$ cat protein-v9.csv   # CSV, C-alpha atoms and all ligand atoms
chain,number,residue,atom,x,y,z
J,65,MET,CA,-0.1,1.0,-17.6
J,66,ASN,CA,2.3,-0.1,-14.8
J,67,ILE,CA,1.2,0.5,-11.2
J,68,LEU,CA,3.3,0.2,-8.1
J,69,ALA,CA,2.3,-0.1,-4.4
J,70,VAL,CA,5.1,1.0,-2.1
J,71,VAL,CA,4.3,-0.3,1.4
J,72,ALA,CA,6.0,-0.7,4.8
J,73,HIS,CA,4.9,-4.3,5.7
J,74,PRO,CA,3.9,-7.4,3.7
J,75,ASP,CA,0.1,-7.1,4.3
J,76,ASP,CA,-0.3,-3.3,3.9
J,77,GLU,CA,-0.9,-3.4,0.1
J,78,ILE,CA,-3.7,-5.9,0.7
J,79,LEU,CA,-5.4,-3.9,3.5
J,80,GLY,CA,-4.8,-0.5,1.8
J,81,CYS,CA,-5.5,-1.1,-1.8
J,82,GLY,CA,-5.8,-4.9,-2.5
J,83,ALA,CA,-9.2,-4.8,-4.1
J,84,THR,CA,-8.3,-1.8,-6.2
J,85,LEU,CA,-5.1,-3.4,-7.4
J,86,LYS,CA,-7.1,-6.5,-8.3
J,87,LYS,CA,-9.5,-4.4,-10.3
J,88,LEU,CA,-6.7,-2.6,-12.1
J,89,SER,CA,-5.0,-6.0,-12.8
J,90,ASN,CA,-8.3,-7.4,-14.2
J,91,GLU,CA,-8.5,-4.3,-16.5
J,92,GLY,CA,-5.1,-5.4,-18.0
J,93,HIS,CA,-2.7,-3.1,-16.1
J,94,HIS,CA,0.6,-4.5,-14.7
J,95,VAL,CA,0.6,-4.3,-10.9
J,96,PHE,CA,3.8,-4.5,-8.8
J,97,SER,CA,4.8,-4.0,-5.2
J,98,CYS,CA,7.7,-2.8,-3.2
J,99,VAL,CA,7.7,-4.0,0.4
J,100,LEU,CA,10.2,-2.1,2.6
J,101,CYS,CA,10.1,-4.5,5.6
J,102,ALA,CA,9.5,-7.8,3.9
J,103,PRO,CA,10.4,-10.0,6.9
J,104,ALA,CA,8.3,-7.9,9.4
J,105,ASP,CA,10.2,-9.8,12.2
J,106,ALA,CA,9.0,-7.8,15.2
J,107,ARG,CA,5.4,-8.5,14.7
J,108,HIS,CA,3.3,-10.6,17.0
J,109,ASN,CA,1.5,-13.8,15.9
J,110,ARG,CA,3.3,-13.8,12.6
J,111,PRO,CA,4.2,-17.0,10.7
J,112,SER,CA,7.8,-18.0,10.4
J,113,LEU,CA,9.9,-16.1,7.9
J,114,GLU,CA,9.8,-18.9,5.4
J,115,ARG,CA,6.0,-19.3,5.8
J,116,LEU,CA,5.6,-15.5,5.7
J,117,ALA,CA,7.4,-15.3,2.3
J,118,SER,CA,5.1,-18.1,1.0
J,119,VAL,CA,1.8,-16.6,2.3
J,120,SER,CA,2.9,-13.2,1.1
J,121,ARG,CA,3.5,-14.4,-2.4
J,122,GLU,CA,0.1,-16.2,-2.4
J,123,ALA,CA,-1.7,-13.1,-1.1
J,124,SER,CA,0.0,-10.9,-3.7
J,125,ARG,CA,-1.0,-13.3,-6.5
J,126,LEU,CA,-4.6,-13.2,-5.3
J,127,VAL,CA,-4.8,-9.4,-5.7
J,128,GLY,CA,-3.1,-9.4,-9.1
J,129,ILE,CA,0.5,-8.4,-8.2
J,130,SER,CA,2.8,-9.9,-10.8
J,131,ASP,CA,6.2,-9.0,-9.3
J,132,SER,CA,7.6,-7.5,-6.1
J,133,ILE,CA,10.8,-6.1,-4.6
J,134,GLY,CA,11.3,-6.9,-0.9
J,135,TYR,CA,13.7,-5.0,1.3
J,136,GLU,CA,14.8,-5.7,4.9
J,137,PHE,CA,14.5,-2.4,6.6
J,138,LYS,CA,13.8,-3.2,10.3
J,139,ASN,CA,10.2,-3.2,11.5
J,140,ILE,CA,9.0,-0.2,13.6
J,141,GLN,CA,12.5,1.3,13.1
J,142,PHE,CA,12.2,3.1,9.7
J,143,ASN,CA,12.8,6.4,11.6
J,144,THR,CA,16.4,5.2,12.3
J,145,VAL,CA,17.2,4.7,8.6
J,146,PRO,CA,18.9,7.5,6.7
J,147,HIS,CA,16.3,9.2,4.5
J,148,LEU,CA,18.4,8.9,1.4
J,149,GLU,CA,19.1,5.2,1.9
J,150,MET,CA,15.3,4.4,1.8
J,151,VAL,CA,14.6,6.9,-1.0
J,152,LYS,CA,17.3,5.1,-3.2
J,153,ALA,CA,15.7,1.7,-2.4
J,154,ILE,CA,12.3,3.0,-3.6
J,155,GLU,CA,13.9,4.7,-6.6
J,156,ALA,CA,15.3,1.3,-7.6
J,157,ALA,CA,11.8,-0.1,-7.6
J,158,ILE,CA,10.6,2.9,-9.7
J,159,VAL,CA,13.4,2.3,-12.2
J,160,ARG,CA,12.6,-1.4,-12.4
J,161,PHE,CA,8.8,-1.2,-12.6
J,162,LYS,CA,8.4,2.2,-14.4
J,163,PRO,CA,5.0,2.9,-12.7
J,164,GLU,CA,2.6,5.6,-13.9
J,165,TRP,CA,0.6,5.3,-10.7
J,166,ILE,CA,1.8,4.8,-7.2
J,167,PHE,CA,-0.1,3.8,-4.1
J,168,THR,CA,1.4,4.3,-0.7
J,169,HIS,CA,0.7,5.1,3.0
J,170,HIS,CA,-0.9,8.2,4.5
J,171,PRO,CA,1.4,10.5,6.6
J,172,GLY,CA,-1.0,10.6,9.5
J,173,ASP,CA,-0.7,7.0,10.5
J,174,LEU,CA,0.1,5.8,14.0
J,175,ASN,CA,2.7,3.4,12.7
J,176,VAL,CA,6.1,5.2,12.3
J,177,ASP,CA,7.1,2.9,9.4
J,178,HIS,CA,4.0,4.0,7.5
J,179,ARG,CA,4.8,7.7,8.0
J,180,VAL,CA,8.4,7.3,6.9
J,181,CYS,CA,7.3,5.2,3.9
J,182,TYR,CA,5.1,8.2,2.8
J,183,GLU,CA,8.0,10.6,3.2
J,184,THR,CA,10.5,8.5,1.3
J,185,THR,CA,8.0,7.4,-1.4
J,186,THR,CA,6.9,11.0,-2.2
J,187,THR,CA,10.5,12.0,-2.5
J,188,ALA,CA,11.4,9.0,-4.7
J,189,ALA,CA,8.4,9.7,-6.9
J,190,MET,CA,10.1,12.8,-8.1
J,191,LEU,CA,12.9,10.7,-9.7
J,192,PRO,CA,11.6,10.9,-13.3
J,193,GLN,CA,11.7,14.7,-13.1
J,194,ARG,CA,15.2,14.7,-11.6
J,195,LEU,CA,16.8,12.4,-14.1
J,196,SER,CA,17.8,13.5,-17.6
J,197,SER,CA,15.1,12.6,-20.1
J,198,ASP,CA,16.9,9.8,-21.9
J,199,LEU,CA,17.4,7.9,-18.6
J,200,SER,CA,14.1,8.8,-17.0
J,201,PRO,CA,11.5,6.2,-16.2
J,202,THR,CA,7.9,7.0,-17.0
J,203,LEU,CA,6.5,10.2,-15.4
J,204,ILE,CA,4.4,9.2,-12.3
J,205,SER,CA,1.1,10.8,-13.0
J,206,LYS,CA,-1.0,9.8,-10.0
J,207,MET,CA,-0.2,9.2,-6.4
J,208,PHE,CA,-2.8,7.7,-4.1
J,209,LEU,CA,-2.5,7.4,-0.3
J,210,PHE,CA,-4.5,4.6,1.4
J,211,GLU,CA,-5.8,4.0,4.9
J,212,ILE,CA,-4.7,1.0,7.0
J,213,LEU,CA,-7.0,-0.2,9.7
J,214,SER,CA,-5.5,-0.1,13.2
J,215,SER,CA,-3.0,2.5,12.1
J,216,THR,CA,-4.7,5.3,10.1
J,217,ASP,CA,-7.8,5.1,12.4
J,218,TRP,CA,-5.6,4.9,15.5
J,219,ALA,CA,-3.7,8.0,14.9
J,220,PRO,CA,-4.1,10.8,17.4
J,221,PRO,CA,-6.8,13.4,16.6
J,222,LEU,CA,-4.3,16.0,15.4
J,223,GLY,CA,-3.5,17.4,11.9
J,224,GLU,CA,-5.6,16.8,8.8
J,225,GLY,CA,-6.4,13.1,9.2
J,226,PHE,CA,-7.4,10.9,6.4
J,227,ARG,CA,-9.9,12.7,4.2
J,228,PRO,CA,-10.3,10.8,0.9
J,229,ASN,CA,-11.0,12.4,-2.4
J,230,SER,CA,-10.7,9.4,-4.7
J,231,PHE,CA,-12.8,6.2,-4.6
J,232,PHE,CA,-12.7,3.0,-6.5
J,233,ASP,CA,-15.7,0.8,-6.8
J,234,VAL,CA,-14.4,-2.6,-5.7
J,235,SER,CA,-17.7,-4.5,-5.5
J,236,SER,CA,-16.4,-7.0,-8.0
J,237,THR,CA,-13.0,-7.6,-6.5
J,238,PHE,CA,-13.6,-7.3,-2.8
J,239,ASP,CA,-13.7,-11.1,-2.3
J,240,ALA,CA,-10.2,-11.3,-3.7
J,241,LYS,CA,-9.0,-8.9,-1.0
J,242,LEU,CA,-10.7,-11.0,1.7
J,243,LYS,CA,-9.2,-14.2,0.3
J,244,ALA,CA,-5.7,-12.6,0.3
J,245,LEU,CA,-6.2,-11.4,3.9
J,246,ASP,CA,-7.3,-15.0,4.8
J,247,ALA,CA,-4.2,-16.3,3.2
J,248,PHE,CA,-2.1,-13.9,5.2
J,249,GLU,CA,-1.9,-15.7,8.6
J,250,GLY,CA,-2.0,-13.2,11.5
J,251,ALA,CA,-3.2,-10.3,9.4
J,252,LEU,CA,-6.7,-10.3,10.8
J,253,LYS,CA,-7.8,-10.2,14.4
J,254,PRO,CA,-11.1,-11.2,16.1
J,255,PHE,CA,-14.0,-8.7,16.0
J,256,PRO,CA,-14.3,-6.0,17.3
J,257,HIS,CA,-10.6,-5.4,16.6
J,258,SER,CA,-10.2,-2.6,14.0
J,259,ARG,CA,-8.3,-5.0,11.8
J,260,SER,CA,-11.0,-7.8,11.9
J,261,LYS,CA,-12.6,-9.3,8.8
J,262,GLU,CA,-15.9,-7.7,9.8
J,263,ASN,CA,-14.4,-4.2,10.1
J,264,VAL,CA,-12.5,-4.5,6.8
J,265,LYS,CA,-16.0,-5.1,5.2
J,266,ASN,CA,-17.5,-2.3,7.4
J,267,LEU,CA,-14.9,0.2,6.1
J,268,ALA,CA,-15.5,-0.8,2.5
J,269,ASN,CA,-19.2,-0.4,3.0
J,270,LEU,CA,-18.7,3.0,4.6
J,271,ARG,CA,-16.4,4.2,1.8
J,272,GLY,CA,-18.7,2.9,-0.8
J,273,ALA,CA,-21.8,4.6,0.8
J,274,GLN,CA,-20.0,7.9,0.8
J,275,VAL,CA,-20.1,7.9,-3.0
J,276,GLY,CA,-22.9,5.5,-3.9
J,277,PHE,CA,-21.1,2.2,-4.4
J,278,GLU,CA,-21.7,-1.0,-2.5
J,279,LEU,CA,-18.0,-1.5,-1.6
J,280,ALA,CA,-15.2,0.9,-2.2
J,281,GLU,CA,-11.6,1.6,-1.3
J,282,ALA,CA,-10.8,5.3,-0.7
J,283,PHE,CA,-7.7,7.3,-1.2
J,284,CYS,CA,-6.2,10.7,-0.9
J,285,LEU,CA,-5.2,11.6,-4.4
J,286,ILE,CA,-2.1,13.9,-3.9
J,287,ARG,CA,-0.8,14.0,-7.4
J,288,ASP,CA,-2.9,14.1,-10.6
J,289,LEU,CA,-1.0,15.0,-13.7
J,290,ASN,CA,-2.7,14.9,-17.1
J,291,HIS,CA,-0.4,14.9,-20.0
N,301,ZN,ZN,2.1,-1.7,8.0
$ encode --input "protein-v9.csv" --output "structure tokens"
Amino acid sequence: MNILAVVAHPDDEILGCGATLKKLSNEGHHVFSCVLCAPADARHNRPSLERLASVSREASRLVGISDSIGYEFKNIQFNTVPHLEMVKAIEAAIVRFKPEWIFTHHPGDLNVDHRVCYETTTTAAMLPQRLSSDLSPTLISKMFLFEILSSTDWAPPLGEGFRPNSFFDVSSTFDAKLKALDAFEGALKPFPHSRSKENVKNLANLRGAQVGFELAEAFCLIRDLNH
């Protein structure tokens, strides 16, 4: 099976679903990513662009991502991009990687890029149904929305919030996620920042304990087709 993570920024796939991607990769699935703002140029305490590309590749490798498409939509400005332009960019990734499962952001996040990424990815994910059958990539059977520390948990207390209904036991691959985050200079902050190494572990323990695993990543499963 091919699996695609569509994310706004270069470290989002590690924070959101890195240990799950590694687990799926270990099981023999092909894991890819599409990063809409690969340079992430407006971020503070980030490495140089050249260095960012290098640490990003290393972090991706550590969680089992074998290939990636990077776009250069501007950081914290996704809301200024025409909807169709970003949808078409994600559709190109879907055509190239032919995923059966997609992981992406939750629409309740504080970060505007994450919210726009959710809207455009859910639209693009209908591509197989829109195309004629002989051109169509594989039907996308599952869509998972992940949580990003210091964005999903910093959203205002309005709307539905992040209420996961799908959990992956990542006890065996959580170390790979931490290694990938370590490789990603600037991704982690000192405790008690929400995005600290300690809190990444706290969240995995909390999600695990909700379902009886030691460590878990949790998702909102918003599409579940069985065919
Ligand atoms: Zn992000």
$ residues_around --input "protein-v9.csv" --residues "range 229-233 of chain J" --least-positions-apart "5" --cutoff "10 Å" --atoms "only C-alpha atoms" --output "list of chain:residue names"
J:Cys81, J:Ala83, J:Thr84, J:Leu85, J:Lys87, J:Leu88, J:Phe208, J:Leu209, J:Phe210, J:Phe238, J:Ala268, J:Arg271, J:Gly272, J:Gln274, J:Val275, J:Gly276, J:Phe277, J:Glu278, J:Leu279, J:Ala280, J:Glu281, J:Ala282, J:Phe283, J:Cys284, J:Leu285, J:Ile286
$ write_last_selection --input "protein-v9.csv" --atoms "C-alpha atoms" --output "tab-separated table (two decimals), in the frame of the given file"
chain	number	residue	atom	x	y	z
J	81	CYS	CA	-5.50	-1.10	-1.80
J	83	ALA	CA	-9.20	-4.80	-4.10
J	84	THR	CA	-8.30	-1.80	-6.20
J	85	LEU	CA	-5.10	-3.40	-7.40
J	87	LYS	CA	-9.50	-4.40	-10.30
J	88	LEU	CA	-6.70	-2.60	-12.10
J	208	PHE	CA	-2.80	7.70	-4.10
J	209	LEU	CA	-2.50	7.40	-0.30
J	210	PHE	CA	-4.50	4.60	1.40
J	238	PHE	CA	-13.60	-7.30	-2.80
J	268	ALA	CA	-15.50	-0.80	2.50
J	271	ARG	CA	-16.40	4.20	1.80
J	272	GLY	CA	-18.70	2.90	-0.80
J	274	GLN	CA	-20.00	7.90	0.80
J	275	VAL	CA	-20.10	7.90	-3.00
J	276	GLY	CA	-22.90	5.50	-3.90
J	277	PHE	CA	-21.10	2.20	-4.40
J	278	GLU	CA	-21.70	-1.00	-2.50
J	279	LEU	CA	-18.00	-1.50	-1.60
J	280	ALA	CA	-15.20	0.90	-2.20
J	281	GLU	CA	-11.60	1.60	-1.30
J	282	ALA	CA	-10.80	5.30	-0.70
J	283	PHE	CA	-7.70	7.30	-1.20
J	284	CYS	CA	-6.20	10.70	-0.90
J	285	LEU	CA	-5.20	11.60	-4.40
J	286	ILE	CA	-2.10	13.90	-3.90
$ residues_around --input "protein-v9.csv" --residues "Ile133 in chain J" --least-positions-apart "2" --cutoff "9 Å" --atoms "only C-alpha atoms" --output "number ranges by chain"
J: 96-100, 102, 131, 135, 157
$ closest_atom_pairs --input "protein-v9.csv" --of "chain J" --to "ligand ZN 301 (chain N)" --cutoff "7 Å" --atoms "all atoms listed in the file" --output "tab-separated table"
residue	atom	partner	partner_atom	distance
J:Ala72	CA	N:ZN301	ZN	5.1
J:His73	CA	N:ZN301	ZN	4.5
J:Asp75	CA	N:ZN301	ZN	6.8
J:Asp76	CA	N:ZN301	ZN	5.0
J:Asn175	CA	N:ZN301	ZN	7.0
J:Asp177	CA	N:ZN301	ZN	6.9
J:His178	CA	N:ZN301	ZN	6.0
$ closest_residue --input "protein-v9.csv" --among "J:Ala188, J:Met207, J:Ile166, J:Leu289" --to "Val151 in chain J" --atoms "all atoms listed in the file"
J:Ala188
$ residues_around --input "protein-v9.csv" --residues "range 114-126 of chain J" --least-positions-apart "4" --cutoff "8 Å" --atoms "only C-alpha atoms" --output "PyMOL selection string"
chain J and resi 74-75+78+86+102-103+110+130+240-241+243-245+247-249
$ atom_distance --input "protein-v9.csv" --atom1 "CA of Glu224 in chain J" --atom2 "CA of His147 in chain J"
23.6 Å
$ closest_residue --input "protein-v9.csv" --among "J:Ser235, J:Thr184, J:Ser215, J:Ser205" --to "Glu149 in chain J" --atoms "all atoms listed in the file"
J:Thr184
$ atom_distance --input "protein-v9.csv" --atom1 "CA of Val127 in chain J" --atom2 "CA of Leu252 in chain J"
16.6 Å
$ atom_distance --input "protein-v9.csv" --atom1 "CA of Ser258 in chain J" --atom2 "CA of Pro228 in chain J"
18.7 Å
$ closest_residue --input "protein-v9.csv" --among "J:Val176, J:Ser214, J:Leu113, J:Pro220" --to "Pro256 in chain J" --atoms "only C-alpha atoms"
J:Ser214
$ residues_around --input "protein-v9.csv" --residues "His94 in chain J" --least-positions-apart "5" --cutoff "8 Å" --atoms "all atoms listed in the file" --output "MDAnalysis selection string"
chainID J and resid 65:67 88:89 129:130
$ closest_residue --input "protein-v9.csv" --among "J:His170, J:Val70, J:Trp165, J:Asp239" --to "Lys261 in chain J" --atoms "all atoms listed in the file"
J:Asp239
$ residues_around --input "protein-v9.csv" --residues "Leu174 in chain J" --least-positions-apart "4" --cutoff "7 Å" --atoms "all atoms listed in the file" --output "PyMOL selection string"
chain J and resi 215-216+218-219
$ closest_residue --input "protein-v9.csv" --among "J:Ser112, J:Glu164, J:Pro192, J:Phe226" --to "Asn290 in chain J" --atoms "only C-alpha atoms"
J:Glu164
$ closest_residue --input "protein-v9.csv" --among "J:Leu213, J:Val264, J:Val95, J:Ala189" --to "Lys152 in chain J" --atoms "all atoms listed in the file"
J:Ala189
$ decode --input "protein-v9.csv" --residues "range 229-250 of chain J" --atoms "N, CA, C and O atoms" --output "PDB file, in the first residue's frame"
ATOM      1  N   ASN J 229     -10.441   9.276  17.046  1.00  0.00           N
ATOM      2  CA  ASN J 229     -11.187   8.017  17.044  1.00  0.00           C
ATOM      3  C   ASN J 229     -10.363   6.881  16.438  1.00  0.00           C
ATOM      4  O   ASN J 229     -10.877   5.815  16.144  1.00  0.00           O
ATOM      5  N   SER J 230      -9.067   7.130  16.232  1.00  0.00           N
ATOM      6  CA  SER J 230      -8.197   6.115  15.642  1.00  0.00           C
ATOM      7  C   SER J 230      -6.823   6.236  16.297  1.00  0.00           C
ATOM      8  O   SER J 230      -6.274   7.345  16.396  1.00  0.00           O
ATOM      9  N   PHE J 231      -6.294   5.110  16.768  1.00  0.00           N
ATOM     10  CA  PHE J 231      -5.044   5.135  17.537  1.00  0.00           C
ATOM     11  C   PHE J 231      -4.091   4.080  16.989  1.00  0.00           C
ATOM     12  O   PHE J 231      -4.490   2.945  16.746  1.00  0.00           O
ATOM     13  N   PHE J 232      -2.840   4.458  16.803  1.00  0.00           N
ATOM     14  CA  PHE J 232      -1.806   3.498  16.397  1.00  0.00           C
ATOM     15  C   PHE J 232      -0.853   3.284  17.567  1.00  0.00           C
ATOM     16  O   PHE J 232      -0.336   4.258  18.134  1.00  0.00           O
ATOM     17  N   ASP J 233      -0.622   2.025  17.901  1.00  0.00           N
ATOM     18  CA  ASP J 233       0.368   1.683  18.923  1.00  0.00           C
ATOM     19  C   ASP J 233       1.756   1.912  18.320  1.00  0.00           C
ATOM     20  O   ASP J 233       2.146   1.224  17.376  1.00  0.00           O
ATOM     21  N   VAL J 234       2.466   2.907  18.862  1.00  0.00           N
ATOM     22  CA  VAL J 234       3.779   3.230  18.291  1.00  0.00           C
ATOM     23  C   VAL J 234       4.906   2.980  19.294  1.00  0.00           C
ATOM     24  O   VAL J 234       5.973   3.591  19.218  1.00  0.00           O
ATOM     25  N   SER J 235       4.651   2.052  20.230  1.00  0.00           N
ATOM     26  CA  SER J 235       5.654   1.773  21.257  1.00  0.00           C
ATOM     27  C   SER J 235       6.988   1.352  20.640  1.00  0.00           C
ATOM     28  O   SER J 235       8.049   1.667  21.164  1.00  0.00           O
ATOM     29  N   SER J 236       6.939   0.660  19.486  1.00  0.00           N
ATOM     30  CA  SER J 236       8.175   0.151  18.876  1.00  0.00           C
ATOM     31  C   SER J 236       8.856   1.167  17.959  1.00  0.00           C
ATOM     32  O   SER J 236      10.006   0.972  17.577  1.00  0.00           O
ATOM     33  N   THR J 237       8.173   2.231  17.588  1.00  0.00           N
ATOM     34  CA  THR J 237       8.773   3.171  16.631  1.00  0.00           C
ATOM     35  C   THR J 237       8.847   4.605  17.166  1.00  0.00           C
ATOM     36  O   THR J 237       9.239   5.513  16.430  1.00  0.00           O
ATOM     37  N   PHE J 238       8.491   4.788  18.421  1.00  0.00           N
ATOM     38  CA  PHE J 238       8.485   6.140  18.969  1.00  0.00           C
ATOM     39  C   PHE J 238       9.895   6.738  19.026  1.00  0.00           C
ATOM     40  O   PHE J 238      10.082   7.943  18.829  1.00  0.00           O
ATOM     41  N   ASP J 239      10.893   5.880  19.261  1.00  0.00           N
ATOM     42  CA  ASP J 239      12.281   6.373  19.295  1.00  0.00           C
ATOM     43  C   ASP J 239      12.681   6.994  17.960  1.00  0.00           C
ATOM     44  O   ASP J 239      13.427   7.973  17.920  1.00  0.00           O
ATOM     45  N   ALA J 240      12.197   6.406  16.862  1.00  0.00           N
ATOM     46  CA  ALA J 240      12.531   6.943  15.528  1.00  0.00           C
ATOM     47  C   ALA J 240      11.959   8.351  15.378  1.00  0.00           C
ATOM     48  O   ALA J 240      12.591   9.235  14.791  1.00  0.00           O
ATOM     49  N   LYS J 241      10.757   8.557  15.921  1.00  0.00           N
ATOM     50  CA  LYS J 241      10.152   9.898  15.877  1.00  0.00           C
ATOM     51  C   LYS J 241      11.014  10.890  16.662  1.00  0.00           C
ATOM     52  O   LYS J 241      11.289  11.990  16.183  1.00  0.00           O
ATOM     53  N   LEU J 242      11.445  10.490  17.854  1.00  0.00           N
ATOM     54  CA  LEU J 242      12.281  11.392  18.659  1.00  0.00           C
ATOM     55  C   LEU J 242      13.609  11.680  17.970  1.00  0.00           C
ATOM     56  O   LEU J 242      14.092  12.821  17.974  1.00  0.00           O
ATOM     57  N   LYS J 243      14.189  10.658  17.343  1.00  0.00           N
ATOM     58  CA  LYS J 243      15.460  10.863  16.621  1.00  0.00           C
ATOM     59  C   LYS J 243      15.258  11.833  15.467  1.00  0.00           C
ATOM     60  O   LYS J 243      16.094  12.695  15.207  1.00  0.00           O
ATOM     61  N   ALA J 244      14.133  11.674  14.762  1.00  0.00           N
ATOM     62  CA  ALA J 244      13.846  12.562  13.622  1.00  0.00           C
ATOM     63  C   ALA J 244      13.647  13.995  14.122  1.00  0.00           C
ATOM     64  O   ALA J 244      14.112  14.942  13.488  1.00  0.00           O
ATOM     65  N   LEU J 245      12.979  14.157  15.257  1.00  0.00           N
ATOM     66  CA  LEU J 245      12.780  15.503  15.807  1.00  0.00           C
ATOM     67  C   LEU J 245      14.102  16.103  16.276  1.00  0.00           C
ATOM     68  O   LEU J 245      14.346  17.301  16.118  1.00  0.00           O
ATOM     69  N   ASP J 246      14.975  15.253  16.826  1.00  0.00           N
ATOM     70  CA  ASP J 246      16.313  15.719  17.226  1.00  0.00           C
ATOM     71  C   ASP J 246      17.100  16.179  16.007  1.00  0.00           C
ATOM     72  O   ASP J 246      17.832  17.164  16.055  1.00  0.00           O
ATOM     73  N   ALA J 247      16.943  15.424  14.909  1.00  0.00           N
ATOM     74  CA  ALA J 247      17.677  15.765  13.675  1.00  0.00           C
ATOM     75  C   ALA J 247      17.201  17.095  13.116  1.00  0.00           C
ATOM     76  O   ALA J 247      17.925  17.792  12.415  1.00  0.00           O
ATOM     77  N   PHE J 248      15.952  17.441  13.435  1.00  0.00           N
ATOM     78  CA  PHE J 248      15.325  18.637  12.893  1.00  0.00           C
ATOM     79  C   PHE J 248      15.640  19.830  13.781  1.00  0.00           C
ATOM     80  O   PHE J 248      14.894  20.148  14.695  1.00  0.00           O
ATOM     81  N   GLU J 249      16.745  20.495  13.504  1.00  0.00           N
ATOM     82  CA  GLU J 249      17.164  21.615  14.364  1.00  0.00           C
ATOM     83  C   GLU J 249      16.065  22.673  14.428  1.00  0.00           C
ATOM     84  O   GLU J 249      15.543  23.089  13.409  1.00  0.00           O
ATOM     85  N   GLY J 250      15.718  23.089  15.639  1.00  0.00           N
ATOM     86  CA  GLY J 250      14.722  24.150  15.803  1.00  0.00           C
ATOM     87  C   GLY J 250      13.303  23.642  15.956  1.00  0.00           C
ATOM     88  O   GLY J 250      12.407  24.417  16.261  1.00  0.00           O
TER      89      GLY J 250
END
